[in-house]
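Participant: Contents of final.pdb (PDB, C-alpha atoms) are given next:
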```
MODEL        1
ATOM      1  CA  MET A   1      12.058  11.457   1.883
ATOM      2  CA  SER A   2      15.724  11.336   1.047
ATOM      3  CA  GLU A   3      16.350   8.557  -1.434
ATOM      4  CA  GLY A   4      20.110   8.692  -1.030
ATOM      5  CA  SER A   5      20.139   7.890   2.652
ATOM      6  CA  ILE A   6      17.565   5.128   2.307
ATOM      7  CA  THR A   7      19.355   3.566  -0.643
ATOM      8  CA  ARG A   8      22.681   3.853   1.183
ATOM      9  CA  LEU A   9      21.219   2.158   4.251
ATOM     10  CA  ILE A  10      19.659  -0.567   2.089
ATOM     11  CA  ASN A  11      23.051  -1.237   0.531
ATOM     12  CA  GLU A  12      24.731  -1.321   3.945
ATOM     13  CA  ALA A  13      22.082  -3.740   5.257
ATOM     14  CA  ASN A  14      22.445  -5.954   2.184
ATOM     15  CA  GLU A  15      26.212  -5.991   2.750
ATOM     16  CA  GLY A  16      25.594  -7.167   6.306
ATOM     17  CA  ARG A  17      27.128  -4.162   8.043
ATOM     18  CA  PRO A  18      26.481  -4.286  11.790
ATOM     19  CA  GLY A  19      23.470  -2.207  12.836
ATOM     20  CA  ALA A  20      22.576  -1.217   9.260
ATOM     21  CA  GLU A  21      19.237  -3.040   9.303
ATOM     22  CA  ASP A  22      18.221  -1.272  12.514
ATOM     23  CA  ARG A  23      19.311   2.119  11.120
ATOM     24  CA  LEU A  24      17.339   1.446   7.939
ATOM     25  CA  PHE A  25      14.205   0.492   9.842
ATOM     26  CA  ASN A  26      14.546   3.532  12.108
ATOM     27  CA  ARG A  27      15.004   5.752   9.021
ATOM     28  CA  VAL A  28      11.897   4.476   7.208
ATOM     29  CA  TYR A  29       9.699   3.715  10.229
ATOM     30  CA  THR A  30       8.075   7.151  10.292
ATOM     31  CA  GLU A  31       7.292   6.952   6.578
ATOM     32  CA  LEU A  32       5.976   3.408   6.899
ATOM     33  CA  GLN A  33       3.823   4.442   9.840
ATOM     34  CA  ALA A  34       2.445   7.348   7.782
ATOM     35  CA  ILE A  35       1.560   4.854   5.041
ATOM     36  CA  ALA A  36      -0.113   2.587   7.598
ATOM     37  CA  ASN A  37      -1.972   5.544   9.169
ATOM     38  CA  ALA A  38      -3.271   6.659   5.777
ATOM     39  CA  ARG A  39      -4.276   3.103   4.952
ATOM     40  CA  LEU A  40      -6.096   2.569   8.225
ATOM     41  CA  ALA A  41      -7.701   6.033   8.199
ATOM     42  CA  ARG A  42      -9.849   4.863   5.296
ATOM     43  CA  GLU A  43     -11.019   1.814   7.210
ATOM     44  CA  ARG A  44     -14.168   1.895   9.294
ATOM     45  CA  GLU A  45     -13.716   2.271  12.999
ATOM     46  CA  THR A  46     -13.594  -1.186  14.557
ATOM     47  CA  GLY A  47     -11.686  -2.797  17.323
ATOM     48  CA  ASP A  48     -10.603  -5.454  14.864
ATOM     49  CA  LEU A  49      -8.145  -3.348  12.879
ATOM     50  CA  PRO A  50      -4.520  -3.089  13.956
ATOM     51  CA  ARG A  51      -2.927   0.179  15.001
ATOM     52  CA  SER A  52      -0.517   1.649  12.461
ATOM     53  CA  GLY A  53       2.497   0.697  14.579
ATOM     54  CA  GLU A  54       1.265  -2.892  14.803
ATOM     55  CA  LEU A  55       0.754  -2.995  11.044
ATOM     56  CA  VAL A  56       4.278  -1.676  10.392
ATOM     57  CA  ASN A  57       5.815  -4.040  12.931
ATOM     58  CA  ASP A  58       3.917  -7.019  11.510
ATOM     59  CA  ALA A  59       5.083  -6.099   8.001
ATOM     60  CA  TYR A  60       8.639  -5.662   9.269
ATOM     61  CA  ALA A  61       8.576  -9.083  10.941
ATOM     62  CA  ARG A  62       7.360 -10.687   7.720
ATOM     63  CA  LEU A  63       9.977  -8.896   5.612
ATOM     64  CA  SER A  64      12.954  -8.943   7.951
ATOM     65  CA  GLU A  65      14.855 -11.541   5.934
ATOM     66  CA  LEU A  66      14.481  -9.745   2.589
ATOM     67  CA  GLU A  67      17.150  -7.750   0.863
ATOM     68  CA  PHE A  68      15.873  -4.630  -0.845
ATOM     69  CA  GLN A  69      17.342  -3.312  -4.056
ATOM     70  CA  ASP A  70      16.454   0.339  -3.522
ATOM     71  CA  ARG A  71      13.908   2.724  -2.015
ATOM     72  CA  LEU A  72      11.277   1.866  -4.645
ATOM     73  CA  HIS A  73      11.611  -1.857  -3.936
ATOM     74  CA  LEU A  74      11.390  -1.258  -0.173
ATOM     75  CA  PHE A  75       8.202   0.833  -0.293
ATOM     76  CA  ARG A  76       6.518  -1.361  -2.907
ATOM     77  CA  THR A  77       7.257  -4.423  -0.816
ATOM     78  CA  TYR A  78       6.004  -2.861   2.427
ATOM     79  CA  ALA A  79       2.833  -1.527   0.771
ATOM     80  CA  GLY A  80       2.120  -4.980  -0.648
ATOM     81  CA  CYS A  81       2.815  -6.657   2.669
ATOM     82  CA  MET A  82       0.498  -4.290   4.562
ATOM     83  CA  ARG A  83      -2.189  -5.008   1.980
ATOM     84  CA  ARG A  84      -1.749  -8.774   2.448
ATOM     85  CA  ILE A  85      -1.875  -8.420   6.232
ATOM     86  CA  LEU A  86      -5.196  -6.577   6.071
ATOM     87  CA  ILE A  87      -6.612  -9.070   3.563
ATOM     88  CA  ASP A  88      -5.439 -11.989   5.725
ATOM     89  CA  ARG A  89      -7.122 -10.441   8.763
ATOM     90  CA  ALA A  90     -10.338 -10.011   6.790
ATOM     91  CA  ARG A  91     -10.221 -13.614   5.621
ATOM     92  CA  GLN A  92      -9.649 -14.845   9.146
ATOM     93  CA  ARG A  93     -12.812 -13.088  10.268
ATOM     94  CA  LYS A  94     -14.739 -14.850   7.458
ATOM     95  CA  ARG A  95     -16.656 -11.653   6.843
ATOM     96  CA  HIS A  96     -15.516  -8.294   5.593
ATOM     97  CA  PRO A  97     -17.836  -5.399   6.407
ATOM     98  CA  GLU A  98     -15.335  -3.892   8.861
ATOM     99  CA  LEU A  99     -12.556  -3.726   6.278
ATOM    100  CA  ARG A 100     -13.786  -1.271   3.704
ATOM    101  CA  ILE A 101     -12.002   0.783   1.130
ATOM    102  CA  ALA A 102     -13.466   3.913  -0.437
ATOM    103  CA  THR A 103     -13.804   3.846  -4.216
ATOM    104  CA  GLU A 104     -11.924   7.147  -4.236
ATOM    105  CA  PRO A 105      -9.209   7.311  -1.549
ATOM    106  CA  THR A 106      -9.890  10.993  -0.897
ATOM    107  CA  ALA A 107     -13.681  10.634  -0.921
ATOM    108  CA  PRO A 108     -15.671  10.350   2.280
ATOM    109  CA  GLN A 109     -16.554   6.828   3.279
ATOM    110  CA  SER A 110     -20.082   5.714   2.467
ATOM    111  CA  ALA A 111     -21.751   2.335   2.510
ATOM    112  CA  ASP A 112     -22.360   2.301  -1.233
ATOM    113  CA  ALA A 113     -18.865   3.564  -2.112
ATOM    114  CA  ALA A 114     -16.978   1.005  -0.055
ATOM    115  CA  LEU A 115     -15.422  -2.303  -0.997
ATOM    116  CA  ASP A 116     -13.856  -5.047   1.027
ATOM    117  CA  ALA A 117     -10.134  -5.731   0.636
ATOM    118  CA  GLU A 118     -10.640  -9.020  -1.193
ATOM    119  CA  THR A 119     -12.833  -7.345  -3.812
ATOM    120  CA  VAL A 120     -10.269  -4.614  -4.340
ATOM    121  CA  GLN A 121      -7.493  -7.212  -4.600
ATOM    122  CA  ARG A 122      -9.483  -9.187  -7.164
ATOM    123  CA  LEU A 123     -10.043  -6.015  -9.209
ATOM    124  CA  VAL A 124      -6.375  -5.036  -8.964
ATOM    125  CA  ASP A 125      -5.352  -8.514 -10.139
ATOM    126  CA  ARG A 126      -7.697  -8.145 -13.102
ATOM    127  CA  LEU A 127      -6.304  -4.687 -13.808
ATOM    128  CA  ARG A 128      -2.729  -6.023 -13.598
ATOM    129  CA  GLU A 129      -3.540  -8.458 -16.422
ATOM    130  CA  GLN A 130      -4.468  -5.504 -18.629
ATOM    131  CA  ASP A 131      -2.034  -2.844 -17.443
ATOM    132  CA  ALA A 132       0.548  -3.481 -14.726
ATOM    133  CA  ALA A 133       1.422   0.230 -14.462
ATOM    134  CA  LEU A 134      -2.170   1.139 -13.575
ATOM    135  CA  ALA A 135      -2.394  -1.692 -11.061
ATOM    136  CA  GLU A 136       0.812  -0.527  -9.410
ATOM    137  CA  VAL A 137      -0.591   2.961  -8.841
ATOM    138  CA  VAL A 138      -3.797   1.506  -7.365
ATOM    139  CA  GLU A 139      -1.829  -0.769  -5.024
ATOM    140  CA  LEU A 140       0.402   2.036  -3.807
ATOM    141  CA  ARG A 141      -2.577   4.338  -3.298
ATOM    142  CA  TYR A 142      -5.146   1.911  -1.864
ATOM    143  CA  PHE A 143      -2.988  -0.508   0.040
ATOM    144  CA  GLY A 144       0.079   1.617   0.599
ATOM    145  CA  GLY A 145      -1.848   4.755   1.516
ATOM    146  CA  LEU A 146       0.582   6.872  -0.495
ATOM    147  CA  SER A 147      -0.250  10.292  -1.893
ATOM    148  CA  THR A 148       0.117  11.247  -5.546
ATOM    149  CA  PRO A 149       3.390  13.129  -4.892
ATOM    150  CA  ASP A 150       4.823  10.153  -2.977
ATOM    151  CA  ILE A 151       3.813   7.692  -5.701
ATOM    152  CA  ALA A 152       5.334   9.986  -8.326
ATOM    153  CA  GLU A 153       8.580  10.164  -6.370
ATOM    154  CA  ILE A 154       8.775   6.428  -5.733
ATOM    155  CA  LEU A 155       7.937   5.454  -9.316
ATOM    156  CA  ARG A 156      10.032   8.296 -10.733
ATOM    157  CA  LEU A 157       7.061   9.661 -12.664
ATOM    158  CA  SER A 158       5.460  13.078 -12.881
ATOM    159  CA  GLU A 159       2.479  13.749 -10.635
ATOM    160  CA  ARG A 160       0.462  14.331 -13.781
ATOM    161  CA  THR A 161       1.298  10.821 -15.027
ATOM    162  CA  VAL A 162       0.331   9.306 -11.667
ATOM    163  CA  THR A 163      -2.950  11.245 -11.693
ATOM    164  CA  ARG A 164      -3.682  10.089 -15.243
ATOM    165  CA  ARG A 165      -2.939   6.475 -14.332
ATOM    166  CA  TRP A 166      -5.140   6.752 -11.244
ATOM    167  CA  THR A 167      -7.982   8.179 -13.328
ATOM    168  CA  ASP A 168      -7.630   5.447 -15.953
ATOM    169  CA  ALA A 169      -7.473   2.730 -13.302
ATOM    170  CA  SER A 170     -10.514   4.150 -11.474
ATOM    171  CA  GLU A 171     -12.524   4.092 -14.692
ATOM    172  CA  HIS A 172     -11.700   0.411 -15.214
ATOM    173  CA  LEU A 173     -12.569  -0.462 -11.611
ATOM    174  CA  ARG A 174     -15.869   1.459 -11.641
ATOM    175  CA  ARG A 175     -16.871  -0.133 -14.951
ATOM    176  CA  TRP A 176     -16.089  -3.641 -13.675
ATOM    177  CA  LEU A 177     -18.001  -3.019 -10.459
ATOM    178  CA  ALA A 178     -21.008  -1.719 -12.404
ATOM    179  CA  ASP A 179     -20.881  -4.831 -14.619
ATOM    180  CA  GLU A 180     -20.936  -7.058 -11.521
ATOM    181  CA  GLU A 181     -24.041  -5.425 -10.052
TER     182      GLU A 181
ENDMDL
END
```
As structure tokens - that is how I would like this structure written.

Facilitator:
Amino acid sequence: MSEGSITRLINEANEGRPGAEDRLFNRVYTELQAIANARLARERETGDLPRSGELVNDAYARLSELEFQDRLHLFRTYAGCMRRILIDRARQRKRHPELRIATEPTAPQSADAALDAETVQRLVDRLREQDAALAEVVELRYFGGLSTPDIAEILRLSERTVTRRWTDASEHLRRWLADEE
């Protein structure tokens, strides 16, 4: 991931240079598809979930009029949009067992360790009220499908800091879930 070229393309697109938006999308498409693949890989197998390319294209269509400030803004925005798309799809179905998210993104999926997207969003909103930095890491990891090194690069933090924030956030989420049971 080369920040310079992405940021340069963002600036060119924001300036309205011909073809810059297409070049930007082509440059980040592979990375966005990797995020979508990671996100969908944690979902249960159903025919109801979009393919990664569909998820990226849907997010792109929803965000095509936005101007991004930099690489961080672009990936945060896309991760959030993909999250909203999946939550919207779950809401449209009026039930959520197909859309499940492992309590630990790297842990194997199990029925008792899975949450629906709306529950995770509610917990992230609650976490954001207490600590926005922790919530941001959870969003990028859960909904963006990003790895610790990618989150560290995007947020300009050390991997150790990202890991610590993830651990802290996970403790909050597990405690809140236990309190709800």

Participant: Using the chain letters and numbers from the file, give me the residues hit by the PyMOL selection byres ((chain A and resi 11) around 12), as a PyMOL selection string.

Facilitator: chain A and resi 4-10+12-17+20-21+23-24+67-71+74

Participant: Select, counting all atoms listed in the file, all protein, DNA and RNA residues no farther than 7 Å from (2.7, 14.1, -7.3) in file coordinates, and express the selection as number ranges by chain.

Facilitator: A: 148-152, 158-160, 162

Participant: Dump C-alpha atoms for the selected residues as a PDB file, keeping the file's coordinate frame?

Facilitator:
```
ATOM      1  CA  THR A 148       0.117  11.247  -5.546  1.00  0.00           C
ATOM      2  CA  PRO A 149       3.390  13.129  -4.892  1.00  0.00           C
ATOM      3  CA  ASP A 150       4.823  10.153  -2.977  1.00  0.00           C
ATOM      4  CA  ILE A 151       3.813   7.692  -5.701  1.00  0.00           C
ATOM      5  CA  ALA A 152       5.334   9.986  -8.326  1.00  0.00           C
ATOM      6  CA  SER A 158       5.460  13.078 -12.881  1.00  0.00           C
ATOM      7  CA  GLU A 159       2.479  13.749 -10.635  1.00  0.00           C
ATOM      8  CA  ARG A 160       0.462  14.331 -13.781  1.00  0.00           C
ATOM      9  CA  VAL A 162       0.331   9.306 -11.667  1.00  0.00           C
TER      10      VAL A 162
END
```

Participant: Assuming the chain letters and numbering stay as they are in my file, what does the PyMOL selection byres ((chain A and resi 166) around 9) actually select? List them as a PDB file with C-alpha atoms, in the frame of the given file.

Facilitator:
```pdb
ATOM      1  CA  LEU A 134      -2.170   1.139 -13.575  1.00  0.00           C
ATOM      2  CA  ALA A 135      -2.394  -1.692 -11.061  1.00  0.00           C
ATOM      3  CA  VAL A 137      -0.591   2.961  -8.841  1.00  0.00           C
ATOM      4  CA  VAL A 138      -3.797   1.506  -7.365  1.00  0.00           C
ATOM      5  CA  ARG A 141      -2.577   4.338  -3.298  1.00  0.00           C
ATOM      6  CA  THR A 148       0.117  11.247  -5.546  1.00  0.00           C
ATOM      7  CA  THR A 161       1.298  10.821 -15.027  1.00  0.00           C
ATOM      8  CA  VAL A 162       0.331   9.306 -11.667  1.00  0.00           C
ATOM      9  CA  THR A 163      -2.950  11.245 -11.693  1.00  0.00           C
ATOM     10  CA  ARG A 164      -3.682  10.089 -15.243  1.00  0.00           C
ATOM     11  CA  ARG A 165      -2.939   6.475 -14.332  1.00  0.00           C
ATOM     12  CA  THR A 167      -7.982   8.179 -13.328  1.00  0.00           C
ATOM     13  CA  ASP A 168      -7.630   5.447 -15.953  1.00  0.00           C
ATOM     14  CA  ALA A 169      -7.473   2.730 -13.302  1.00  0.00           C
ATOM     15  CA  SER A 170     -10.514   4.150 -11.474  1.00  0.00           C
ATOM     16  CA  GLU A 171     -12.524   4.092 -14.692  1.00  0.00           C
TER      17      GLU A 171
END
```

Participant: What is the distance, in Å and to one decimal place, between atom CA of Arg51 of chain A and atom CA of Arg174 of chain A?

Facilitator: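 Those two atoms sit 29.6 Å apart.
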
Participant: Nearest to Asp88 of chain A among A:Ala178, A:Val124, A:Ala34, A:Ala117, with distances taken over all atoms listed in the file: which residue is it?

Facilitator: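 Using all atoms listed in the file, the shortest distance to Asp88 of chain A belongs to A:Ala117.
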
Participant: For atom CA of Phe143 of chain A and atom CA of Tyr29 of chain A, determine how far apart the two atoms are, in Å to one decimal place.

Facilitator: 16.8 Å

Participant: Restricting the calculation to all atoms listed in the file: of A:Val28, A:Leu146, A:Ala36, A:Leu157, which residue gets closest to Met82 of chain A?

Facilitator: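 Using all atoms listed in the file, the shortest distance to Met82 of chain A belongs to A:Ala36.
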
Participant: From the list A:Ala79, A:Leu177, A:Leu72, A:Leu55, which residue is nearest Ile154 of chain A when using all atoms listed in the file?

Facilitator: A:Leu72
